[in-house]
file target06.cif (mmCIF, C-alpha atoms)
data_final
loop_
_atom_site.label_atom_id
_atom_site.label_comp_id
_atom_site.auth_asym_id
_atom_site.auth_seq_id
_atom_site.Cartn_x
_atom_site.Cartn_y
_atom_site.Cartn_z
CA MET A 27 22.67 -6.66 -10.90
CA THR A 28 25.59 -8.64 -9.50
CA LYS A 29 27.50 -11.10 -11.68
CA LEU A 30 26.05 -14.04 -9.71
CA ILE A 31 22.45 -12.87 -10.26
CA ALA A 32 23.20 -12.12 -13.92
CA ASP A 33 24.63 -15.64 -14.44
CA GLN A 34 21.65 -17.23 -12.70
CA ALA A 35 19.21 -15.15 -14.74
CA ASP A 36 20.95 -16.13 -17.97
CA GLY A 37 20.73 -19.82 -17.11
CA LEU A 38 17.06 -19.52 -16.15
CA ARG A 39 16.34 -17.63 -19.35
CA ARG A 40 17.56 -20.60 -21.35
CA LEU A 41 15.39 -22.96 -19.29
CA LEU A 42 12.29 -20.79 -19.86
CA ALA A 43 12.92 -19.91 -23.50
CA HIS A 44 10.08 -22.08 -24.82
CA THR A 45 7.32 -21.27 -22.34
CA PRO A 46 4.25 -19.32 -23.52
CA THR A 47 4.27 -15.55 -23.28
CA ARG A 48 2.27 -14.29 -20.32
CA VAL A 49 0.65 -10.86 -20.60
CA VAL A 50 -0.39 -9.02 -17.44
CA ALA A 51 -2.01 -5.58 -17.40
CA VAL A 52 -1.10 -3.60 -14.26
CA ALA A 53 -3.39 -0.70 -13.41
CA ALA A 54 -4.56 1.58 -10.60
CA MET A 55 -7.76 3.54 -10.26
CA GLY A 56 -6.10 6.95 -10.13
CA PRO A 57 -2.84 8.90 -10.09
CA GLY A 58 -0.40 7.84 -7.42
CA GLY A 59 -2.01 4.42 -7.12
CA GLY A 60 1.31 2.61 -7.32
CA ALA A 61 0.83 0.82 -10.65
CA THR A 62 3.96 2.32 -12.26
CA GLU A 63 6.14 1.33 -9.31
CA ALA A 64 4.58 -2.14 -9.23
CA ALA A 65 5.22 -2.72 -12.94
CA MET A 66 8.85 -1.62 -12.61
CA ASN A 67 9.55 -3.80 -9.58
CA LEU A 68 7.73 -6.86 -10.87
CA GLY A 69 9.60 -6.49 -14.15
CA ALA A 70 12.96 -6.30 -12.37
CA ALA A 71 12.07 -9.30 -10.19
CA LEU A 72 11.01 -11.36 -13.22
CA VAL A 73 14.29 -10.58 -14.98
CA GLN A 74 16.12 -11.89 -11.92
CA GLN A 75 14.14 -15.12 -12.36
CA GLY A 76 15.54 -15.41 -15.88
CA ARG A 77 12.51 -14.13 -17.76
CA ASP A 78 12.64 -11.77 -20.72
CA VAL A 79 10.40 -8.85 -19.75
CA LEU A 80 8.86 -6.14 -21.91
CA VAL A 81 6.81 -3.32 -20.39
CA LEU A 82 4.33 -1.60 -22.71
CA ASP A 83 3.69 1.76 -21.08
CA GLU A 84 0.42 3.59 -21.78
CA HIS A 85 1.48 6.57 -19.62
CA GLY A 86 3.79 8.23 -22.13
CA GLY A 87 4.13 11.97 -21.59
CA THR A 88 2.75 11.86 -18.04
CA ALA A 89 4.36 11.90 -14.61
CA ALA A 90 3.67 8.16 -14.36
CA ALA A 91 5.74 7.28 -17.44
CA ILE A 92 8.11 4.42 -16.71
CA CYS A 93 10.82 5.67 -19.07
CA ALA A 94 10.94 8.88 -17.06
CA ALA A 95 11.09 6.97 -13.78
CA TRP A 96 14.00 4.88 -15.06
CA ALA A 97 15.60 7.84 -16.91
CA ILE A 98 15.79 5.92 -20.20
CA ASP A 99 14.98 7.08 -23.74
CA PRO A 100 13.32 4.74 -26.24
CA LEU A 101 13.92 5.24 -29.96
CA GLY A 102 10.28 4.68 -30.87
CA ASP A 103 6.91 3.52 -29.63
CA LEU A 104 4.39 0.76 -30.29
CA ALA A 105 3.07 2.46 -33.43
CA ASP A 106 6.57 2.48 -34.93
CA VAL A 107 6.80 -1.26 -34.37
CA ALA A 108 3.31 -1.89 -35.75
CA ASP A 109 4.12 0.09 -38.92
CA ARG A 110 7.49 -1.69 -39.28
CA ARG A 111 9.47 1.51 -39.07
CA LEU A 112 11.42 -0.13 -36.24
CA THR A 113 11.78 -3.62 -34.83
CA CYS A 114 10.70 -4.10 -31.25
CA GLU A 115 14.32 -4.49 -30.13
CA GLY A 116 15.27 -1.37 -32.07
CA ALA A 117 12.51 0.74 -30.54
CA ILE A 118 12.66 -0.16 -26.86
CA ALA A 119 14.72 1.40 -24.11
CA ARG A 120 16.30 -1.09 -21.72
CA ALA A 121 16.67 -0.32 -18.02
CA GLY A 122 19.85 -1.22 -16.19
CA CYS A 123 18.11 -4.25 -14.66
CA GLY A 124 17.36 -5.64 -18.13
CA VAL A 125 13.67 -4.78 -18.48
CA GLY A 126 12.73 -3.46 -21.93
CA VAL A 127 10.27 -0.55 -22.04
CA LEU A 128 8.24 0.52 -25.05
CA PRO A 129 5.82 3.47 -24.88
CA ALA A 130 2.34 2.51 -26.07
CA PRO A 131 0.32 5.71 -26.55
CA LEU A 132 -3.41 5.14 -26.35
CA GLY A 133 -5.13 4.76 -29.70
CA ASP A 134 -7.15 2.48 -31.95
CA ARG A 135 -3.97 0.85 -33.23
CA HIS A 136 -3.81 -1.17 -30.01
CA ALA A 137 -6.54 -3.49 -31.30
CA GLU A 138 -4.33 -4.49 -34.22
CA ILE A 139 -1.39 -5.75 -32.18
CA ASP A 140 -0.93 -9.01 -30.30
CA PRO A 141 1.55 -8.21 -27.49
CA ARG A 142 2.62 -11.87 -27.42
CA LEU A 143 4.43 -11.37 -30.71
CA LEU A 144 6.70 -8.77 -29.13
CA CYS A 145 8.34 -10.91 -26.45
CA ARG A 146 8.11 -14.58 -27.33
CA GLY A 147 8.48 -16.86 -24.34
CA GLY A 148 8.77 -13.94 -21.92
CA VAL A 149 6.46 -11.75 -19.87
CA VAL A 150 4.73 -8.63 -21.18
CA LEU A 151 3.61 -6.18 -18.51
CA ILE A 152 1.18 -3.53 -19.72
CA ALA A 153 1.31 -0.41 -17.56
CA ALA A 154 -2.34 0.28 -18.30
CA ARG A 155 -4.40 3.45 -18.08
CA ILE A 156 -8.07 3.27 -17.16
CA ASP A 157 -10.01 6.07 -18.86
CA GLY A 158 -12.61 8.35 -17.32
CA GLU A 159 -15.40 5.88 -18.12
CA GLY A 160 -13.57 3.05 -16.42
CA ARG A 161 -12.49 1.32 -19.61
CA LEU A 162 -9.25 -0.39 -20.56
CA SER A 163 -7.50 0.03 -23.90
CA ALA A 164 -7.76 -2.75 -26.49
CA LEU A 165 -4.14 -3.59 -25.67
CA ALA A 166 -4.86 -4.09 -21.96
CA GLN A 167 -7.99 -6.08 -22.78
CA ALA A 168 -5.75 -8.58 -24.61
CA ALA A 169 -3.93 -9.43 -21.37
CA ASP A 170 -4.21 -12.80 -19.68
CA GLU A 171 -4.67 -11.09 -16.32
CA LEU A 172 -5.58 -7.68 -14.93
CA LEU A 173 -3.64 -6.83 -11.77
CA LEU A 174 -5.15 -3.89 -9.89
CA VAL A 175 -2.86 -2.05 -7.48
CA LEU A 176 -4.45 -0.30 -4.51
CA GLN A 177 -3.34 1.39 -1.32
CA PRO A 178 -4.43 0.30 2.19
CA ASN A 179 -6.60 3.32 2.88
CA ALA A 180 -10.33 3.97 2.71
CA ALA A 181 -10.18 6.33 -0.28
CA SER A 182 -8.18 3.90 -2.43
CA ILE A 183 -10.36 0.92 -1.52
CA THR A 184 -13.57 2.86 -2.16
CA SER A 185 -12.22 4.02 -5.52
CA ALA A 186 -11.27 0.43 -6.32
CA TYR A 187 -14.80 -0.81 -5.58
CA ALA A 188 -16.31 1.76 -7.94
CA GLY A 189 -13.69 1.12 -10.61
CA ILE A 190 -14.12 -2.65 -10.52
CA LYS A 191 -17.84 -2.22 -11.01
CA ARG A 192 -17.23 0.00 -14.06
CA LEU A 193 -14.74 -2.50 -15.48
CA HIS A 194 -17.29 -5.27 -15.04
CA TYR A 195 -19.96 -3.37 -16.95
CA ALA A 196 -17.58 -2.06 -19.61
CA HIS A 197 -15.86 -5.35 -20.44
CA GLY A 198 -17.92 -8.11 -18.85
CA LEU A 199 -15.01 -8.60 -16.49
CA LYS A 200 -15.52 -11.64 -14.28
CA GLN A 201 -12.22 -11.84 -12.47
CA LEU A 202 -9.15 -9.80 -11.61
CA ARG A 203 -6.29 -9.91 -9.20
CA PHE A 204 -5.30 -7.19 -6.77
CA LEU A 205 -2.07 -6.18 -5.07
CA VAL A 206 -2.17 -4.14 -1.86
CA ASP A 207 0.79 -1.77 -1.82
CA GLY A 208 2.05 -0.10 1.36
CA VAL A 209 0.67 -2.29 4.15
CA ALA A 210 2.06 -2.19 7.69
CA GLY A 211 2.40 -5.96 7.80
CA PRO A 212 0.82 -9.32 6.94
CA GLU A 213 -2.07 -8.91 9.41
CA GLU A 214 -3.31 -5.69 7.78
CA ALA A 215 -2.81 -7.22 4.33
CA GLN A 216 -4.81 -10.32 5.25
CA GLN A 217 -7.69 -8.27 6.60
CA ILE A 218 -7.89 -6.12 3.45
CA THR A 219 -7.60 -9.03 1.04
CA THR A 220 -10.26 -11.05 2.88
CA ASN A 221 -12.69 -8.12 2.90
CA LEU A 222 -12.08 -7.34 -0.77
CA ALA A 223 -12.54 -10.93 -1.91
CA SER A 224 -15.75 -11.25 0.10
CA THR A 225 -17.18 -7.96 -1.16
CA GLY A 226 -16.29 -8.79 -4.76
CA SER A 227 -18.20 -12.05 -4.73
CA ARG A 228 -21.20 -10.70 -2.80
CA TYR A 229 -21.77 -7.27 -4.32
CA LEU A 230 -19.66 -6.67 -7.42
CA ALA A 231 -20.29 -9.88 -9.37
CA VAL A 232 -16.52 -10.15 -9.87
CA SER A 233 -14.10 -12.72 -8.49
CA LEU A 234 -11.29 -10.82 -6.75
CA GLU A 235 -8.16 -12.84 -6.10
CA ALA A 236 -5.29 -11.60 -3.95
CA ALA A 237 -1.95 -11.44 -5.77
CA GLY A 238 -0.12 -10.53 -2.59
CA TRP A 239 0.99 -7.39 -0.80
CA VAL A 240 3.97 -5.09 -0.45
CA ARG A 241 5.00 -3.64 2.87
CA ALA A 242 5.48 0.10 3.38
CA ASP A 243 9.20 0.71 3.06
CA PRO A 244 11.26 3.95 3.12
CA HIS A 245 13.63 2.36 0.61
CA LEU A 246 10.97 2.81 -2.08
CA ALA A 247 11.42 6.59 -1.97
CA ASP A 248 15.20 6.18 -1.96
CA ALA A 249 15.00 3.96 -5.04
CA ARG A 250 12.84 6.52 -6.85
CA ARG A 251 15.48 9.20 -6.22
CA LEU A 252 18.09 6.85 -7.68
CA ARG A 253 15.89 6.27 -10.76
CA GLN A 254 15.74 2.56 -10.01
CA SER A 255 13.27 0.00 -8.76
CA VAL A 256 13.65 -1.05 -5.14
CA VAL A 257 14.35 -4.60 -6.35
CA GLU A 258 17.47 -3.28 -8.09
CA ALA A 259 18.63 -0.67 -5.60
CA PHE A 260 17.86 -2.37 -2.28
CA PRO A 261 17.38 -6.09 -2.92
CA ALA A 262 17.33 -6.99 0.79
CA SER A 263 14.63 -4.46 1.69
CA ALA A 264 11.16 -5.56 2.80
CA ALA A 265 9.47 -4.17 -0.32
CA ALA A 266 11.97 -5.89 -2.63
CA VAL A 267 11.39 -9.22 -0.89
CA ASP A 268 7.63 -8.78 -1.28
CA PHE A 269 7.82 -7.87 -4.97
CA ARG A 270 10.01 -10.90 -5.65
CA ARG A 271 7.50 -13.13 -3.86
CA VAL A 272 4.64 -11.81 -6.01
CA ALA A 273 6.74 -12.27 -9.16
CA VAL A 274 7.43 -15.91 -8.28
CA ASP A 275 3.71 -16.50 -7.59
CA MET A 276 2.82 -15.07 -11.01
CA GLY A 277 4.37 -18.13 -12.59
CA GLY A 278 1.73 -20.28 -10.91
CA TRP A 279 -1.30 -18.28 -12.02
CA PRO A 280 -3.53 -20.51 -14.17
CA TRP A 281 -3.71 -19.80 -17.88
CA ARG A 282 -7.10 -18.49 -18.89
CA THR A 283 -8.93 -18.94 -22.16
CA ARG A 284 -9.03 -15.59 -23.91
CA ALA A 285 -11.98 -14.45 -25.98
CA PRO A 286 -11.23 -14.29 -29.71
CA ALA A 287 -10.02 -10.91 -30.93
CA ALA A 288 -12.56 -8.66 -32.60
CA ARG A 289 -10.28 -8.34 -35.62
CA PRO A 290 -7.11 -10.12 -36.66
CA ALA A 291 -3.88 -9.02 -35.01
CA ARG A 292 -1.57 -6.99 -37.15
CA ALA A 293 1.76 -8.60 -37.93
CA VAL A 294 4.72 -6.83 -36.37
CA ALA A 295 8.41 -6.93 -36.96
CA PRO A 296 9.75 -10.07 -35.32
CA SER A 297 11.41 -9.88 -31.93
CA SER A 298 14.93 -11.07 -31.31
CA HIS A 299 13.65 -14.27 -29.73
CA GLY A 300 13.26 -17.52 -31.66
CA PRO A 301 10.04 -19.22 -32.72
CA ARG A 302 7.71 -20.12 -29.93
CA VAL A 303 7.44 -23.79 -29.06
CA GLU A 304 5.16 -24.38 -26.08
CA LEU A 305 6.13 -26.84 -23.35
CA PRO A 306 3.66 -27.98 -20.69
CA ARG A 307 3.36 -25.17 -18.18
CA ALA A 308 3.91 -27.47 -15.21
CA ARG A 309 7.31 -28.58 -16.49
CA ALA A 310 8.49 -25.04 -17.19
CA LEU A 311 7.25 -23.75 -13.85
CA ALA A 312 8.84 -26.64 -11.95
CA ALA A 313 12.17 -26.00 -13.65
CA ALA A 314 12.02 -22.28 -12.82
CA ARG A 315 11.13 -22.81 -9.17
CA SER A 316 13.82 -25.46 -8.77
CA ALA A 317 16.47 -23.17 -10.26
CA ILE A 318 15.38 -20.22 -8.11
CA ALA A 319 15.49 -22.33 -4.94
#

call {"tool": "encode", "arguments": {"input": "target06.cif", "output": "C-alpha cells"}}
result
Amino acid sequence: MTKLIADQADGLRRLLAHTPTRVVAVAAMGPGGGATEAAMNLGAALVQQGRDVLVLDEHGGTAAAICAAWAIDPLGDLADVADRRLTCEGAIARAGCGVGVLPAPLGDRHAEIDPRLLCRGGVVLIAARIDGEGRLSALAQAADELLLVLQPNAASITSAYAGIKRLHYAHGLKQLRFLVDGVAGPEEAQQITTNLASTGSRYLAVSLEAAGWVRADPHLADARRLRQSVVEAFPASAAAVDFRRVAVDMGGWPWRTRAPAARPARAVAPSSHGPRVELPRARALAAARSAIA
C-alpha cells in the first residue's frame, strides 16, 4: 500500500470508528469456487476504504486456507480467543495490506461467539465452509449477509441452484447475495444476474440479490503467485477495480434484523478497538463515500 493510500485509509478509519460492525459470510458451493479469493480481495479493498477488517477463516488446513494464500502465520485460532488464552489481536496474523486473519476451525464452539465482539466498528468477513448437507456453521449463520460466489459456467450455476435450495431448507434462508466471478464483461454479468434473480424468486423461494461481478483477469493468477490479493498487487487491473466497486457497494447494503441467538454469546477477550457507539448508518456511509470520492 502506498503512503497516500495508507494516509487516506487512516483518516477514513477514524471517520468510521463508531459505525456498527458488519458481518458478511462469503461462501462457494464447492472447491475452486472463488470464495477465498473474493474474501481476500474484498478485505483488502475495505482496508483501503479505511475499515478495520478481520477475516475468520473456516478453511484451516485445506488448500483454500487464506493464511496459506497470504503466506502468513497466526499465533492462535478462534478457540484460543474464546477460551481467553489469547486476545484477538494477539492471535491473528495480519497480511501486508492490513487485513487480520484468524483461523476458525469448524466446531460447536462457534455458537458461543459473537463475531461482532472481535472487530468493533469494522467489518468481519467469514470465509465460510458449506458442509456436505448444505449447512452453514453457527458462526456463518450469525452473519448479517451471506455472499455466495459463483463462476459464469453451467456447472457452477447448477451447483449454486441446488446449494441455495439446501440452504433454504436447512436454515429457512429467505435471501442471499451473489457475486459472479470471472465474467467476460458487463453484458454476460447482467444476463447471469437477471436469470439468477428471476429463478430464485420463481422456483427457489429465495430472494437472490446481485452483489456485483468481477471480470476475468490474468492478473489474478499473477497475484496468487505473489501471495497477494489482486487489489494489493495490481490495483489498476480490471479485477481490482471490480472488487473495489463491490466493497464500496457493501457499505450501502441495508441492515437486517437478525434472529435471536439460540444461546447467549460467550464473552471473548476484548479487541484493541474502543467501545462501540453507534451512529446513524446514513451519516457514516455518507462520510465514507465523500472521503473516498

call {"tool": "closest_atom_pairs", "arguments": {"input": "target06.cif", "of": "segment 179-201 of chain A", "to": "segment 229-232 of chain A", "cutoff": "12 Å", "atoms": "all atoms listed in the file", "output": "CSV"}}
result
residue,atom,partner,partner_atom,distance
A:Ala186,CA,A:Leu230,CA,11.0
A:Tyr187,CA,A:Leu230,CA,7.8
A:Ala188,CA,A:Leu230,CA,9.1
A:Gly189,CA,A:Leu230,CA,10.3
A:Ile190,CA,A:Leu230,CA,7.5
A:Lys191,CA,A:Leu230,CA,6.0
A:Arg192,CA,A:Leu230,CA,9.7
A:Leu193,CA,A:Val232,CA,9.7
A:His194,CA,A:Val232,CA,7.2
A:Tyr195,CA,A:Ala231,CA,10.0
A:His197,CA,A:Val232,CA,11.6
A:Gly198,CA,A:Val232,CA,9.3
A:Leu199,CA,A:Val232,CA,7.0
A:Lys200,CA,A:Val232,CA,4.8
A:Gln201,CA,A:Val232,CA,5.3

call {"tool": "atom_distance", "arguments": {"input": "target06.cif", "atom1": "atom CA of Gln177 of chain A", "atom2": "atom CA of Ala54 of chain A"}}
result
9.4 Å

call {"tool": "closest_residue", "arguments": {"input": "target06.cif", "among": "A:Ala51, A:Leu80, A:Ala65, A:Met276", "to": "Ser163 of chain A", "atoms": "all atoms listed in the file"}}
result
A:Ala51

call {"tool": "residues_around", "arguments": {"input": "target06.cif", "residues": "Ala169 of chain A", "least_positions_apart": "2", "cutoff": "12 Å", "atoms": "only C-alpha atoms", "output": "PyMOL selection string"}}
result
chain A and resi 47-53+82+136-137+139-142+149-154+162-167+171-173+202+281-285+287

call {"tool": "atom_distance", "arguments": {"input": "target06.cif", "atom1": "atom CA of Leu246 of chain A", "atom2": "atom CA of Ala215 of chain A"}}
result
18.2 Å

call {"tool": "residues_around", "arguments": {"input": "target06.cif", "residues": "segment 89-98 of chain A", "least_positions_apart": "5", "cutoff": "12 Å", "atoms": "all atoms listed in the file", "output": "PyMOL selection string"}}
result
chain A and resi 53-54+56-67+69-70+80-84+103+118-131+151-155+247+249-256+258-259

call {"tool": "closest_residue", "arguments": {"input": "target06.cif", "among": "A:Val272, A:Val79, A:Ala117, A:Leu176", "to": "Asp207 of chain A", "atoms": "only C-alpha atoms"}}
result
A:Leu176

call {"tool": "residues_around", "arguments": {"input": "target06.cif", "residues": "Ala210 of chain A", "least_positions_apart": "4", "cutoff": "12 Å", "atoms": "only C-alpha atoms", "output": "PyMOL selection string"}}
result
chain A and resi 177-179+206+214-218+239-244+264-265

call {"tool": "atom_distance", "arguments": {"input": "target06.cif", "atom1": "atom CA of Gln74 of chain A", "atom2": "atom CA of Pro261 of chain A"}}
result
10.8 Å

call {"tool": "closest_residue", "arguments": {"input": "target06.cif", "among": "A:Trp279, A:Glu159, A:Gly238, A:Ser182", "to": "Pro212 of chain A", "atoms": "all atoms listed in the file"}}
result
A:Gly238

call {"tool": "closest_residue", "arguments": {"input": "target06.cif", "among": "A:Pro280, A:Gly211, A:Gly148, A:Gly226", "to": "Gly76 of chain A", "atoms": "only C-alpha atoms"}}
result
A:Gly148

call {"tool": "closest_residue", "arguments": {"input": "target06.cif", "among": "A:Ala196, A:Arg77, A:Val175, A:Thr113", "to": "Arg146 of chain A", "atoms": "only C-alpha atoms"}}
result
A:Arg77

call {"tool": "resolve_selection", "arguments": {"input": "target06.cif", "expression": "the PyMOL selection byres ((chain A and resi 222) around 10)", "output": "list in words"}}
result
Ile183, Ala186, Tyr187, Phe204, Gln216, Gln217, Ile218, Thr219, Thr220, Asn221, Ala223, Ser224, Thr225, Gly226, Ser227, Arg228, Ser233, Leu234, Glu235 and Ala236 of chain A

call {"tool": "residues_around", "arguments": {"input": "target06.cif", "residues": "Leu68 of chain A", "least_positions_apart": "6", "cutoff": "8 Å", "atoms": "all atoms listed in the file", "output": "list of chain:residue names"}}
result
A:Phe269, A:Arg270, A:Val272, A:Ala273

call {"tool": "closest_residue", "arguments": {"input": "target06.cif", "among": "A:Gly87, A:Asp268, A:Phe260, A:Gly160", "to": "Val209 of chain A", "atoms": "only C-alpha atoms"}}
result
A:Asp268

call {"tool": "decode", "arguments": {"input": "target06.cif", "residues": "segment 166-176 of chain A", "atoms": "all heavy atoms", "output": "PDB file, in the first residue's frame"}}
result
ATOM      1  N   ALA A 166     -21.161 -18.745  10.704  1.00  0.00           N
ATOM      2  CA  ALA A 166     -21.631 -18.137   9.464  1.00  0.00           C
ATOM      3  C   ALA A 166     -23.108 -17.772   9.545  1.00  0.00           C
ATOM      4  O   ALA A 166     -23.546 -16.783   8.946  1.00  0.00           O
ATOM      5  CB  ALA A 166     -21.381 -19.088   8.295  1.00  0.00           C
ATOM      6  N   GLN A 167     -23.884 -18.543  10.297  1.00  0.00           N
ATOM      7  CA  GLN A 167     -25.302 -18.218  10.460  1.00  0.00           C
ATOM      8  C   GLN A 167     -25.502 -16.904  11.201  1.00  0.00           C
ATOM      9  O   GLN A 167     -26.547 -16.260  11.076  1.00  0.00           O
ATOM     10  CB  GLN A 167     -26.015 -19.337  11.220  1.00  0.00           C
ATOM     11  CG  GLN A 167     -26.164 -20.630  10.438  1.00  0.00           C
ATOM     12  CD  GLN A 167     -26.821 -21.710  11.277  1.00  0.00           C
ATOM     13  OE1 GLN A 167     -27.912 -21.515  11.817  1.00  0.00           O
ATOM     14  NE2 GLN A 167     -26.151 -22.854  11.417  1.00  0.00           N
ATOM     15  N   ALA A 168     -24.501 -16.478  11.976  1.00  0.00           N
ATOM     16  CA  ALA A 168     -24.606 -15.229  12.730  1.00  0.00           C
ATOM     17  C   ALA A 168     -24.337 -14.004  11.874  1.00  0.00           C
ATOM     18  O   ALA A 168     -24.452 -12.873  12.354  1.00  0.00           O
ATOM     19  CB  ALA A 168     -23.627 -15.256  13.907  1.00  0.00           C
ATOM     20  N   ALA A 169     -23.987 -14.207  10.606  1.00  0.00           N
ATOM     21  CA  ALA A 169     -23.636 -13.081   9.730  1.00  0.00           C
ATOM     22  C   ALA A 169     -24.869 -12.260   9.369  1.00  0.00           C
ATOM     23  O   ALA A 169     -25.997 -12.757   9.361  1.00  0.00           O
ATOM     24  CB  ALA A 169     -22.961 -13.595   8.461  1.00  0.00           C
ATOM     25  N   ASP A 170     -24.624 -10.994   9.052  1.00  0.00           N
ATOM     26  CA  ASP A 170     -25.705 -10.138   8.564  1.00  0.00           C
ATOM     27  C   ASP A 170     -26.095 -10.517   7.142  1.00  0.00           C
ATOM     28  O   ASP A 170     -27.249 -10.346   6.743  1.00  0.00           O
ATOM     29  CB  ASP A 170     -25.260  -8.667   8.574  1.00  0.00           C
ATOM     30  CG  ASP A 170     -24.868  -8.182   9.957  1.00  0.00           C
ATOM     31  OD1 ASP A 170     -25.695  -8.290  10.874  1.00  0.00           O
ATOM     32  OD2 ASP A 170     -23.723  -7.713  10.124  1.00  0.00           O
ATOM     33  N   GLU A 171     -25.133 -10.976   6.370  1.00  0.00           N
ATOM     34  CA  GLU A 171     -25.369 -11.310   4.964  1.00  0.00           C
ATOM     35  C   GLU A 171     -24.597 -12.568   4.606  1.00  0.00           C
ATOM     36  O   GLU A 171     -23.506 -12.810   5.129  1.00  0.00           O
ATOM     37  CB  GLU A 171     -24.885 -10.186   4.036  1.00  0.00           C
ATOM     38  CG  GLU A 171     -25.583  -8.854   4.200  1.00  0.00           C
ATOM     39  CD  GLU A 171     -26.894  -8.770   3.447  1.00  0.00           C
ATOM     40  OE1 GLU A 171     -27.240  -9.737   2.726  1.00  0.00           O
ATOM     41  OE2 GLU A 171     -27.561  -7.732   3.565  1.00  0.00           O
ATOM     42  N   LEU A 172     -25.157 -13.340   3.674  1.00  0.00           N
ATOM     43  CA  LEU A 172     -24.438 -14.439   3.044  1.00  0.00           C
ATOM     44  C   LEU A 172     -24.168 -14.040   1.610  1.00  0.00           C
ATOM     45  O   LEU A 172     -25.103 -13.735   0.847  1.00  0.00           O
ATOM     46  CB  LEU A 172     -25.246 -15.728   3.091  1.00  0.00           C
ATOM     47  CG  LEU A 172     -24.669 -16.918   2.291  1.00  0.00           C
ATOM     48  CD1 LEU A 172     -23.298 -17.304   2.818  1.00  0.00           C
ATOM     49  CD2 LEU A 172     -25.619 -18.112   2.327  1.00  0.00           C
ATOM     50  N   LEU A 173     -22.899 -14.004   1.231  1.00  0.00           N
ATOM     51  CA  LEU A 173     -22.492 -13.678  -0.135  1.00  0.00           C
ATOM     52  C   LEU A 173     -21.983 -14.954  -0.786  1.00  0.00           C
ATOM     53  O   LEU A 173     -20.954 -15.501  -0.389  1.00  0.00           O
ATOM     54  CB  LEU A 173     -21.398 -12.610  -0.115  1.00  0.00           C
ATOM     55  CG  LEU A 173     -20.793 -12.217  -1.473  1.00  0.00           C
ATOM     56  CD1 LEU A 173     -21.867 -11.639  -2.392  1.00  0.00           C
ATOM     57  CD2 LEU A 173     -19.656 -11.223  -1.291  1.00  0.00           C
ATOM     58  N   LEU A 174     -22.706 -15.426  -1.784  1.00  0.00           N
ATOM     59  CA  LEU A 174     -22.344 -16.648  -2.493  1.00  0.00           C
ATOM     60  C   LEU A 174     -21.568 -16.293  -3.750  1.00  0.00           C
ATOM     61  O   LEU A 174     -22.004 -15.474  -4.552  1.00  0.00           O
ATOM     62  CB  LEU A 174     -23.611 -17.424  -2.857  1.00  0.00           C
ATOM     63  CG  LEU A 174     -23.427 -18.819  -3.429  1.00  0.00           C
ATOM     64  CD1 LEU A 174     -22.826 -19.746  -2.388  1.00  0.00           C
ATOM     65  CD2 LEU A 174     -24.761 -19.370  -3.915  1.00  0.00           C
ATOM     66  N   VAL A 175     -20.397 -16.907  -3.910  1.00  0.00           N
ATOM     67  CA  VAL A 175     -19.544 -16.641  -5.071  1.00  0.00           C
ATOM     68  C   VAL A 175     -19.717 -17.783  -6.069  1.00  0.00           C
ATOM     69  O   VAL A 175     -19.629 -18.962  -5.701  1.00  0.00           O
ATOM     70  CB  VAL A 175     -18.063 -16.520  -4.657  1.00  0.00           C
ATOM     71  CG1 VAL A 175     -17.194 -16.192  -5.874  1.00  0.00           C
ATOM     72  CG2 VAL A 175     -17.898 -15.445  -3.576  1.00  0.00           C
ATOM     73  N   LEU A 176     -19.975 -17.452  -7.311  1.00  0.00           N
ATOM     74  CA  LEU A 176     -20.125 -18.495  -8.331  1.00  0.00           C
ATOM     75  C   LEU A 176     -19.431 -18.078  -9.608  1.00  0.00           C
ATOM     76  O   LEU A 176     -19.150 -16.903  -9.831  1.00  0.00           O
ATOM     77  CB  LEU A 176     -21.601 -18.817  -8.573  1.00  0.00           C
ATOM     78  CG  LEU A 176     -22.533 -17.655  -8.913  1.00  0.00           C
ATOM     79  CD1 LEU A 176     -22.722 -17.552 -10.415  1.00  0.00           C
ATOM     80  CD2 LEU A 176     -23.880 -17.839  -8.245  1.00  0.00           C
TER      81      LEU A 176
END
